[in-house]
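Have a look at the structure below, then the notes.
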Amino acid sequence: MKLETRHWTFLGLFVVITIVMLLPIRLSVPVSEQTQKMYDFIESLPPNSILLISFDHEASALPEIRPVGLAIVRHAFAKGHRLIGLSLFAEGTVIGYRMMQNVAAEYGREYGKDYVYLGFKPQYIAAILSMGESIPRTFPEDYMGRPYEELELLRGVHNYDDVAAVISIADGSLTTHWMEYGAARYNLTVLAGVTAAMVTTYDPYIASGQMYTLVGGLRGAAEYESLIGREGGGSRGMLAQSTAHIYVLLLIVLGNVIYFLTRRKRGL
Amino acid sequence: MDIGTIVAGILTLCILSFLYRDNPIYKMAETLLIGVSIGYTLVIVWSTTLVDILFEPLFSESKLALIIPFVLGLLMFSRFHRRTASLSKIPIAVLIGSGAGVAIPVMLEARTLKQMSATVMPLISGSGWPDISALVVMVGVVCTLTYFYFSREHKGVLGKSARLGTYFLMIFFGTTFGFTVMSRMSTFIGRMEFLLTDFLRIIK
């Protein structure tokens, strides 16, 4: 078994992260303006406001996106808001349902009255446009097959005019469609919880006012957890994340030093 | 420990074994992931789309207008035979036509006009001082656009502007790459937390 450079690199990362995660240290993170805006938005809504939470992600992004979604859903339930969950990605369907169910149980919220899960709808553009016209026509039944009008929370909800905003928990570009079709056409307020890789994609939309704000990646989750005073995956992962970044930086420096030394040796 | 945690833990270790090199255990876990994802998506799409939106309303409630999308959908399968393949152009044409009709005005509005208007900001702030952020945005947009202007050779002022544009592009690529590294690290940390906490129970 011959170990190559990349094996040592991975092994180093594995050892560094394992050691750091075993340490009982929590890193305090300064809250970014965008995360603060999300928190303030949910805080500023009157109690009993209705929020759409769209789980637009795949299972592969779960380690990063789950802490973001959890923190936002916890905050919304803690503030007494009512949530309507849905998914525009098939894989996000049951993930979103379980998350809402678990958090609702933590806060003693009741299905049908305080929250509802509508389930999955294919063809996201058509689904977003159709909900702008009529949510009951788009989802005649909830995820469990109960008729729309039988659920107390949904009785007064006809279209986007009846919800305060949509929060898209996404790992890709699906939030863009909420802005392009939901916000531009129906004046829907769009907020997002996204993976760090997508932050630069959405920054121009925040600058232009098309998106209200976003919470980005594990760091965003850690910031949000500190705002709501509830530790979660974000806060727990911050020390490991920072150490991993230092490790990557050191590797870059080391790589460059080796490159220049070998170049000099070869007389280039 | 429940069976789900054990299976998830073992499969996570199987996937991580790729870091050493490609191997049959990794291949098995990868194939399982693809199979389960497709199977799950297929079941969801079958029950929430084909049954709920098409078959039930069409056959149980006799909503005959649904015959049109049903037939168009079936025509998609005509691609599998050389003789009938041309019939699949009909549903594709409907799909592209309606898709473009819906998307083009929205794209123009959301991706071009709104973004352009956000770029044009007052260069002097309310306090009478130059707005540095607005200046950087303006210079960045102009210089980056000149880099993509290919009708004249990049010489003189145009060349300098295009060169500055490449720096803006590099900053963007660097930032995006940095965020991507952060994202992948987060995923790895998330899995490590699962392994150490739920699976191996080393961390309480």
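Naming works like this for the structure tokens: A, B, ... for the chains as they're shown, residue 1 at the start of each chain, ligands 1 onward in shown order.
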Using only C-alpha atoms, select each residue of chain B with any atom at most 6 Å away from an atom of chain A, and give the selection as a JSON list (two decimals) with N, CA and C atoms, in the first residue's frame.
```
[["chain", "number", "residue", "atom", "x", "y", "z"],
["B", 41, "THR", "N", -37.07, 9.15, -6.69],
["B", 41, "THR", "CA", -37.64, 10.20, -7.55],
["B", 41, "THR", "C", -38.75, 9.63, -8.43],
["B", 110, "ALA", "N", -35.86, 39.91, -15.23],
["B", 110, "ALA", "CA", -35.16, 39.59, -13.98],
["B", 110, "ALA", "C", -33.65, 39.54, -14.13],
["B", 118, "ALA", "N", -29.71, 47.93, -11.39],
["B", 118, "ALA", "CA", -28.98, 47.89, -10.11],
["B", 118, "ALA", "C", -27.53, 48.31, -10.27],
["B", 179, "PHE", "N", -15.76, 30.07, -1.78],
["B", 179, "PHE", "CA", -17.05, 29.65, -1.23],
["B", 179, "PHE", "C", -17.31, 28.17, -1.51],
["B", 180, "THR", "N", -16.87, 27.71, -2.69],
["B", 180, "THR", "CA", -17.09, 26.30, -3.03],
["B", 180, "THR", "C", -16.28, 25.40, -2.11],
["B", 183, "SER", "N", -18.00, 25.25, 1.06],
["B", 183, "SER", "CA", -19.19, 24.41, 0.96],
["B", 183, "SER", "C", -18.84, 22.93, 1.07],
["B", 186, "SER", "N", -17.84, 22.04, 4.51],
["B", 186, "SER", "CA", -19.02, 21.95, 5.38],
["B", 186, "SER", "C", -19.67, 20.58, 5.24],
["B", 187, "THR", "N", -19.75, 20.10, 3.99],
["B", 187, "THR", "CA", -20.37, 18.79, 3.76],
["B", 187, "THR", "C", -19.56, 17.71, 4.47],
["B", 190, "GLY", "N", -20.01, 17.95, 8.16],
["B", 190, "GLY", "CA", -21.34, 17.42, 8.50],
["B", 190, "GLY", "C", -21.32, 15.91, 8.60]]
```
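For segment 195-233 of chain A, the set of residues given alpha helix (DSSP H) by DSSP on the backbone reads A:Val199, A:Thr200, A:Thr201, A:Tyr202, A:Asp203, A:Pro204, A:Tyr205, A:Ile206, A:Ala207, A:Gly217, A:Leu218, A:Arg219, A:Gly220, A:Ala221, A:Ala222, A:Glu223, A:Tyr224, A:Glu225, A:Ser226, A:Leu227, A:Ile228, A:Gly233.
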Written file, previous selection with C-alpha atoms, as a PDB file, in the first residue's frame:
```pdb
ATOM      1  CA  VAL A 199     -23.678  32.669  -2.243  1.00  0.00           C
ATOM      2  CA  THR A 200     -21.854  34.489  -5.059  1.00  0.00           C
ATOM      3  CA  THR A 201     -24.622  33.491  -7.488  1.00  0.00           C
ATOM      4  CA  TYR A 202     -27.250  35.206  -5.354  1.00  0.00           C
ATOM      5  CA  ASP A 203     -25.296  38.258  -4.197  1.00  0.00           C
ATOM      6  CA  PRO A 204     -26.195  40.310  -7.314  1.00  0.00           C
ATOM      7  CA  TYR A 205     -29.882  39.554  -6.716  1.00  0.00           C
ATOM      8  CA  ILE A 206     -29.656  40.895  -3.176  1.00  0.00           C
ATOM      9  CA  ALA A 207     -27.857  44.007  -4.436  1.00  0.00           C
ATOM     10  CA  GLY A 217     -23.804  27.747   4.295  1.00  0.00           C
ATOM     11  CA  LEU A 218     -22.653  26.326   7.597  1.00  0.00           C
ATOM     12  CA  ARG A 219     -21.282  29.698   8.658  1.00  0.00           C
ATOM     13  CA  GLY A 220     -24.638  31.344   8.006  1.00  0.00           C
ATOM     14  CA  ALA A 221     -26.265  28.591  10.070  1.00  0.00           C
ATOM     15  CA  ALA A 222     -23.818  29.234  12.930  1.00  0.00           C
ATOM     16  CA  GLU A 223     -24.617  32.968  12.793  1.00  0.00           C
ATOM     17  CA  TYR A 224     -28.339  32.272  12.835  1.00  0.00           C
ATOM     18  CA  GLU A 225     -28.002  29.794  15.693  1.00  0.00           C
ATOM     19  CA  SER A 226     -26.195  32.436  17.750  1.00  0.00           C
ATOM     20  CA  LEU A 227     -29.020  34.907  17.021  1.00  0.00           C
ATOM     21  CA  ILE A 228     -31.756  32.525  18.139  1.00  0.00           C
ATOM     22  CA  GLY A 233     -24.730  21.861  13.491  1.00  0.00           C
TER      23      GLY A 233
END
```
For Val73 of chain A: contacts at 12 Å, only C-alpha atoms, fewer than 6 positions along chain excluded, given as a PyMOL selection string | chain A and resi 38-39+42+51-55+66-67+79-85+96-107+109+115+167-169+193+221+224-225+228
Given the selection you just returned, output its residues as a file containing N, CA and C atoms, formatted as an mmCIF file, in the first residue's frame.
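Final output, again_0.cif:
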```cif
data_model
loop_
_atom_site.group_PDB
_atom_site.id
_atom_site.type_symbol
_atom_site.label_atom_id
_atom_site.label_comp_id
_atom_site.auth_asym_id
_atom_site.auth_seq_id
_atom_site.Cartn_x
_atom_site.Cartn_y
_atom_site.Cartn_z
ATOM 1 N N MET A 38 -32.240 38.443 7.720
ATOM 2 C CA MET A 38 -33.182 37.318 7.739
ATOM 3 C C MET A 38 -33.846 37.229 9.117
ATOM 4 N N TYR A 39 -33.001 37.330 10.152
ATOM 5 C CA TYR A 39 -33.495 37.256 11.528
ATOM 6 C C TYR A 39 -34.494 38.393 11.784
ATOM 7 N N ILE A 42 -37.952 37.875 10.082
ATOM 8 C CA ILE A 42 -38.856 36.946 10.776
ATOM 9 C C ILE A 42 -39.342 37.554 12.093
ATOM 10 N N LEU A 51 -45.673 31.730 6.408
ATOM 11 C CA LEU A 51 -44.463 31.687 5.575
ATOM 12 C C LEU A 51 -44.455 30.408 4.754
ATOM 13 N N LEU A 52 -44.036 30.546 3.495
ATOM 14 C CA LEU A 52 -43.841 29.357 2.658
ATOM 15 C C LEU A 52 -42.398 28.913 2.830
ATOM 16 N N ILE A 53 -42.178 27.639 3.116
ATOM 17 C CA ILE A 53 -40.804 27.133 3.191
ATOM 18 C C ILE A 53 -40.673 26.092 2.091
ATOM 19 N N SER A 54 -39.796 26.383 1.130
ATOM 20 C CA SER A 54 -39.647 25.462 0.004
ATOM 21 C C SER A 54 -38.317 24.721 0.117
ATOM 22 N N PHE A 55 -38.397 23.401 0.224
ATOM 23 C CA PHE A 55 -37.184 22.588 0.367
ATOM 24 C C PHE A 55 -36.697 22.183 -1.027
ATOM 25 N N ARG A 66 -28.971 21.359 6.103
ATOM 26 C CA ARG A 66 -29.876 21.030 7.208
ATOM 27 C C ARG A 66 -29.759 22.030 8.373
ATOM 28 N N PRO A 67 -28.520 22.362 8.827
ATOM 29 C CA PRO A 67 -28.434 23.330 9.930
ATOM 30 C C PRO A 67 -29.074 24.683 9.576
ATOM 31 N N LYS A 79 -41.367 32.109 16.976
ATOM 32 C CA LYS A 79 -42.026 33.422 16.909
ATOM 33 C C LYS A 79 -43.542 33.297 16.709
ATOM 34 N N GLY A 80 -44.015 32.068 16.624
ATOM 35 C CA GLY A 80 -45.466 31.853 16.504
ATOM 36 C C GLY A 80 -45.989 31.996 15.090
ATOM 37 N N HIS A 81 -45.108 31.890 14.107
ATOM 38 C CA HIS A 81 -45.580 31.963 12.727
ATOM 39 C C HIS A 81 -46.090 30.602 12.267
ATOM 40 N N ARG A 82 -46.903 30.634 11.237
ATOM 41 C CA ARG A 82 -47.428 29.384 10.688
ATOM 42 C C ARG A 82 -46.694 29.082 9.387
ATOM 43 N N LEU A 83 -46.373 27.821 9.175
ATOM 44 C CA LEU A 83 -45.537 27.464 8.023
ATOM 45 C C LEU A 83 -46.254 26.522 7.058
ATOM 46 N N ILE A 84 -46.051 26.813 5.781
ATOM 47 C CA ILE A 84 -46.532 25.904 4.739
ATOM 48 C C ILE A 84 -45.291 25.373 4.027
ATOM 49 N N GLY A 85 -45.045 24.089 4.148
ATOM 50 C CA GLY A 85 -43.863 23.497 3.527
ATOM 51 C C GLY A 85 -44.195 22.870 2.186
ATOM 52 N N GLY A 96 -37.801 17.617 3.980
ATOM 53 C CA GLY A 96 -38.511 18.804 4.469
ATOM 54 C C GLY A 96 -39.634 18.427 5.420
ATOM 55 N N TYR A 97 -40.361 17.382 5.063
ATOM 56 C CA TYR A 97 -41.494 16.954 5.882
ATOM 57 C C TYR A 97 -41.025 16.555 7.279
ATOM 58 N N ARG A 98 -39.954 15.736 7.307
ATOM 59 C CA ARG A 98 -39.439 15.269 8.607
ATOM 60 C C ARG A 98 -38.917 16.421 9.443
ATOM 61 N N MET A 99 -38.223 17.372 8.772
ATOM 62 C CA MET A 99 -37.669 18.508 9.515
ATOM 63 C C MET A 99 -38.792 19.317 10.158
ATOM 64 N N MET A 100 -39.838 19.594 9.376
ATOM 65 C CA MET A 100 -40.943 20.398 9.908
ATOM 66 C C MET A 100 -41.656 19.664 11.036
ATOM 67 N N GLN A 101 -41.834 18.363 10.837
ATOM 68 C CA GLN A 101 -42.501 17.536 11.846
ATOM 69 C C GLN A 101 -41.718 17.547 13.183
ATOM 70 N N ASN A 102 -40.390 17.353 13.072
ATOM 71 C CA ASN A 102 -39.556 17.301 14.275
ATOM 72 C C ASN A 102 -39.517 18.643 15.004
ATOM 73 N N VAL A 103 -39.323 19.722 14.234
ATOM 74 C CA VAL A 103 -39.240 21.043 14.876
ATOM 75 C C VAL A 103 -40.602 21.435 15.454
ATOM 76 N N ALA A 104 -41.672 21.091 14.745
ATOM 77 C CA ALA A 104 -43.020 21.403 15.254
ATOM 78 C C ALA A 104 -43.248 20.693 16.588
ATOM 79 N N ALA A 105 -42.758 19.444 16.692
ATOM 80 C CA ALA A 105 -42.912 18.691 17.949
ATOM 81 C C ALA A 105 -42.141 19.374 19.082
ATOM 82 N N GLU A 106 -40.943 19.920 18.757
ATOM 83 C CA GLU A 106 -40.136 20.634 19.767
ATOM 84 C C GLU A 106 -40.904 21.810 20.360
ATOM 85 N N TYR A 107 -41.673 22.500 19.492
ATOM 86 C CA TYR A 107 -42.363 23.708 19.921
ATOM 87 C C TYR A 107 -43.859 23.469 20.189
ATOM 88 N N ARG A 109 -46.206 22.497 18.151
ATOM 89 C CA ARG A 109 -47.106 23.032 17.111
ATOM 90 C C ARG A 109 -47.904 21.901 16.479
ATOM 91 N N TYR A 115 -48.911 24.308 11.058
ATOM 92 C CA TYR A 115 -48.078 24.028 9.876
ATOM 93 C C TYR A 115 -48.730 22.957 9.005
ATOM 94 N N ILE A 167 -39.359 31.217 1.805
ATOM 95 C CA ILE A 167 -37.951 30.986 2.152
ATOM 96 C C ILE A 167 -37.548 29.700 1.438
ATOM 97 N N SER A 168 -36.660 29.848 0.463
ATOM 98 C CA SER A 168 -36.231 28.691 -0.319
ATOM 99 C C SER A 168 -34.954 28.124 0.299
ATOM 100 N N ILE A 169 -35.038 26.875 0.746
ATOM 101 C CA ILE A 169 -33.857 26.203 1.312
ATOM 102 C C ILE A 169 -33.270 25.394 0.156
ATOM 103 N N GLY A 193 -32.102 30.186 2.167
ATOM 104 C CA GLY A 193 -31.049 29.548 2.945
ATOM 105 C C GLY A 193 -30.325 28.655 1.956
ATOM 106 N N ALA A 221 -25.477 29.332 9.073
ATOM 107 C CA ALA A 221 -26.265 28.591 10.070
ATOM 108 C C ALA A 221 -25.755 28.896 11.474
ATOM 109 N N TYR A 224 -26.907 32.268 12.516
ATOM 110 C CA TYR A 224 -28.339 32.272 12.835
ATOM 111 C C TYR A 224 -28.604 31.590 14.179
ATOM 112 N N GLU A 225 -27.845 30.503 14.418
ATOM 113 C CA GLU A 225 -28.002 29.794 15.693
ATOM 114 C C GLU A 225 -27.625 30.704 16.858
ATOM 115 N N ILE A 228 -30.566 33.085 17.468
ATOM 116 C CA ILE A 228 -31.756 32.525 18.139
ATOM 117 C C ILE A 228 -31.393 31.857 19.476
#
```
Please report, as number ranges by chain, each residue of segment 36-242 of chain A to which DSSP assigns strand (DSSP E) when run on this structure's backbone.
-> A: 50-56, 82-87, 115-120, 165-170, 190-194, 213-216
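With atom CA of Leu200 of chain B on one side and atom CA of Cys14 of chain B on the other, the separation reads 15.0 Å.
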Could you give me, as a list in words, the residues within 9 Å of Phe55 of chain B, counting only C-alpha atoms and dropping anything in the same chain fewer than 5 positions from it?
->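 The contact residues come out as Thr49, Leu50, Ser60, Leu66 and Phe70 of chain B.
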Among listed residues B:Thr84, B:Thr12, B:Ser78, B:Thr144, nearest Ile25 of chain B (using only C-alpha atoms) | B:Thr12
What lies within 10 Å of segment 144-148 of chain A using only C-alpha atoms, ignoring chain neighbours under 6 positions off, as a list in words?
->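 Final neighbour list, sorted by chain and number: Gly112, Val116, Tyr117, Leu118, Gly119, Ile135, Pro136, Arg137, Leu154, Arg155 and Val157 of chain A.
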